[in-house]
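Peer 1: Pasting work.cif below, which is mmCIF, C-alpha atoms.
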data_protein
loop_
_atom_site.group_PDB
_atom_site.id
_atom_site.type_symbol
_atom_site.label_atom_id
_atom_site.label_comp_id
_atom_site.auth_asym_id
_atom_site.auth_seq_id
_atom_site.Cartn_x
_atom_site.Cartn_y
_atom_site.Cartn_z
ATOM 1 C CA MET O 1 -5.371 -14.474 9.999
ATOM 2 C CA PRO O 2 -7.085 -11.294 11.202
ATOM 3 C CA PRO O 3 -6.152 -7.985 9.542
ATOM 4 C CA ILE O 4 -3.550 -5.879 11.295
ATOM 5 C CA THR O 5 -5.111 -2.804 12.848
ATOM 6 C CA PRO O 6 -2.830 0.244 12.897
ATOM 7 C CA ASP O 7 -1.803 1.546 16.283
ATOM 8 C CA PRO O 8 -3.313 4.800 17.468
ATOM 9 C CA LEU O 9 -1.459 8.026 16.762
ATOM 10 C CA GLY O 10 2.025 7.805 18.204
ATOM 11 C CA GLY O 11 2.127 4.027 18.062
ATOM 12 C CA VAL O 12 4.531 1.647 16.399
ATOM 13 C CA ALA O 13 3.390 2.546 12.869
ATOM 14 C CA ASP O 14 4.160 6.220 13.471
ATOM 15 C CA GLY O 15 7.508 5.326 14.965
ATOM 16 C CA LEU O 16 8.456 3.255 11.937
ATOM 17 C CA ALA O 17 7.220 5.958 9.563
ATOM 18 C CA SER O 18 9.482 8.381 11.422
ATOM 19 C CA VAL O 19 12.458 6.069 10.874
ATOM 20 C CA VAL O 20 11.725 5.958 7.142
ATOM 21 C CA ALA O 21 11.395 9.746 6.967
ATOM 22 C CA LEU O 22 14.668 10.257 8.855
ATOM 23 C CA ARG O 23 16.483 7.815 6.543
ATOM 24 C CA GLU O 24 15.227 9.686 3.498
ATOM 25 C CA LEU O 25 16.264 13.018 5.007
ATOM 26 C CA ALA O 26 19.711 11.654 5.919
ATOM 27 C CA ASP O 27 20.165 10.349 2.359
ATOM 28 C CA ARG O 28 19.251 13.727 0.853
ATOM 29 C CA LEU O 29 21.581 15.505 3.279
ATOM 30 C CA GLU O 30 24.424 13.096 2.444
ATOM 31 C CA ASP O 31 23.853 13.620 -1.294
ATOM 32 C CA ALA O 32 23.966 17.392 -0.903
ATOM 33 C CA GLU O 33 27.080 17.397 1.271
ATOM 34 C CA VAL O 34 28.981 14.951 -0.942
ATOM 35 C CA GLU O 35 28.185 17.146 -3.925
ATOM 36 C CA ARG O 36 29.303 20.245 -2.045
ATOM 37 C CA ALA O 37 32.540 18.598 -0.934
ATOM 38 C CA LEU O 38 33.405 17.508 -4.469
ATOM 39 C CA ARG O 39 32.551 20.948 -5.875
ATOM 40 C CA GLU O 40 34.919 22.435 -3.289
ATOM 41 C CA GLY O 41 37.720 20.156 -4.440
ATOM 42 C CA TRP O 42 37.589 17.298 -1.946
ATOM 43 C CA SER O 43 38.805 13.945 -3.208
ATOM 44 C CA TRP O 44 36.732 10.783 -3.063
ATOM 45 C CA THR O 45 39.144 9.558 -0.393
ATOM 46 C CA GLN O 46 38.471 12.604 1.786
ATOM 47 C CA VAL O 47 34.719 12.280 1.320
ATOM 48 C CA ALA O 48 34.822 8.581 2.165
ATOM 49 C CA GLU O 49 36.897 9.145 5.300
ATOM 50 C CA ALA O 50 34.481 11.838 6.483
ATOM 51 C CA LEU O 51 31.536 9.468 5.929
ATOM 52 C CA GLY O 52 33.301 6.517 7.550
ATOM 53 C CA VAL O 53 33.102 4.324 4.446
ATOM 54 C CA SER O 54 35.538 3.077 1.826
ATOM 55 C CA ARG O 55 36.403 5.250 -1.157
ATOM 56 C CA GLN O 56 34.841 2.622 -3.392
ATOM 57 C CA ALA O 57 31.577 2.632 -1.409
ATOM 58 C CA ALA O 58 31.282 6.425 -1.573
ATOM 59 C CA HIS O 59 32.106 6.443 -5.269
ATOM 60 C CA LYS O 60 29.612 3.666 -6.059
ATOM 61 C CA LYS O 61 26.812 5.305 -4.087
ATOM 62 C CA HIS O 62 27.200 8.828 -5.479
ATOM 63 C CA LEU O 63 28.958 8.719 -8.864
ATOM 64 C CA ARG O 64 25.977 8.204 -11.176
ATOM 65 C CA ARG O 65 23.866 10.918 -9.514
ATOM 66 C CA LEU O 66 26.743 13.400 -9.589
ATOM 67 C CA ASP O 67 27.599 12.543 -13.177
ATOM 68 C CA ASP O 68 23.939 13.021 -14.139
ATOM 69 C CA ALA O 69 24.052 16.426 -12.410
ATOM 70 C CA GLY O 70 26.947 17.415 -14.686
ATOM 71 C CA ILE O 71 29.574 17.732 -11.969
ATOM 72 C CA ASP O 72 33.128 17.413 -13.323
ATOM 73 C CA LEU O 73 34.646 14.464 -11.456
ATOM 74 C CA ARG O 74 37.755 13.837 -13.547
ATOM 75 C CA ARG O 75 40.245 15.289 -11.071
ATOM 76 C CA ARG O 76 38.585 13.987 -7.923
ATOM 77 C CA ASN O 77 39.701 10.374 -7.870
ATOM 78 C CA GLY O 78 42.318 10.655 -5.157
#
Rewrite the structure from the file as structure tokens, please.
Peer 2:
Amino acid sequence: MPPITPDPLGGVADGLASVVALRELADRLEDAEVERALREGWSWTQVAEALGVSRQAAHKKHLRRLDDAGIDLRRRNG
């Protein structure tokens, strides 16, 4: 099987790299905004509704990172 030659600038490889970069940016933005919402007193339910996911999904995705950051989450389970 011959080696795959990358497309010229602006080709498929660049397009896919752009998708990866946008995903990473979106993840960082989501992390920051979830943290901000919780710091401002939002509940996990409110955060989840705003993100269009279940409370459990939001909690599972963000809890460990927020706990590691030292954010007090004890009163934000609603």
Peer 1: By how many Å are atom CA of Arg23 of chain O and atom CA of Ala57 of chain O apart?
Peer 2: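 Atom CA of Ala57 of chain O lies at a distance of 17.8 Å from atom CA of Arg23 of chain O.
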Peer 1: Atom CA of Leu38 of chain O and atom CA of Leu73 of chain O are how many Å apart?
Peer 2: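 Atom CA of Leu73 of chain O lies 7.7 Å from atom CA of Leu38 of chain O.
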Peer 1: Go through O:Gly41, O:Val47, O:Arg36, O:Ser54 one by one, measure the shortest atom-to-atom distance of each to Leu66 of chain O using all atoms listed in the file, and give the residue with the smallest value.
Peer 2: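 Closest candidate: O:Arg36.
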Peer 1: Fewer than 3 positions away in the same chain doesn't count, so skip those; otherwise give me all residues within 9 Å of His62 of chain O, counting all atoms listed in the file, as a VMD selection string.
Peer 2: chain O and resid 31 34 to 35 57 to 59 65 to 67
Peer 1: How far is it from atom CA of Ala26 of chain O to atom CA of Leu51 of chain O, in Å with one decimal?
Peer 2: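 Separation of atom CA of Ala26 of chain O and atom CA of Leu51 of chain O: 12.0 Å.
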Peer 1: Which residue is closest to Ala50 of chain O? Choose from O:Asp14, O:Asp27, O:Glu33, O:Asp68 and count all atoms listed in the file.
Peer 2: O:Glu33
Peer 1: Skip Gln46 of chain O itself and residues of its chain fewer than 3 positions away, then list as a CSV table (one decimal) with C-alpha atoms, in the frame of the given file all residues within 9 Å of it, counting all atoms listed in the file.
Peer 2:
chain,number,residue,atom,x,y,z
O,37,ALA,CA,32.5,18.6,-0.9
O,42,TRP,CA,37.6,17.3,-1.9
O,43,SER,CA,38.8,13.9,-3.2
O,49,GLU,CA,36.9,9.1,5.3
O,50,ALA,CA,34.5,11.8,6.5
O,51,LEU,CA,31.5,9.5,5.9
O,55,ARG,CA,36.4,5.2,-1.2
O,78,GLY,CA,42.3,10.7,-5.2
Peer 1: Report as AutoDock Vina command-line options the centre and the edge lengths, in Å to one decimal, of the axis-aligned box holding every listed atom of segment 10-25 of chain O, padded by 8 Å on each side.
Peer 2:
--center_x 9.3 --center_y 7.3 --center_z 10.9 --size_x 30.5 --size_y 27.4 --size_z 30.7
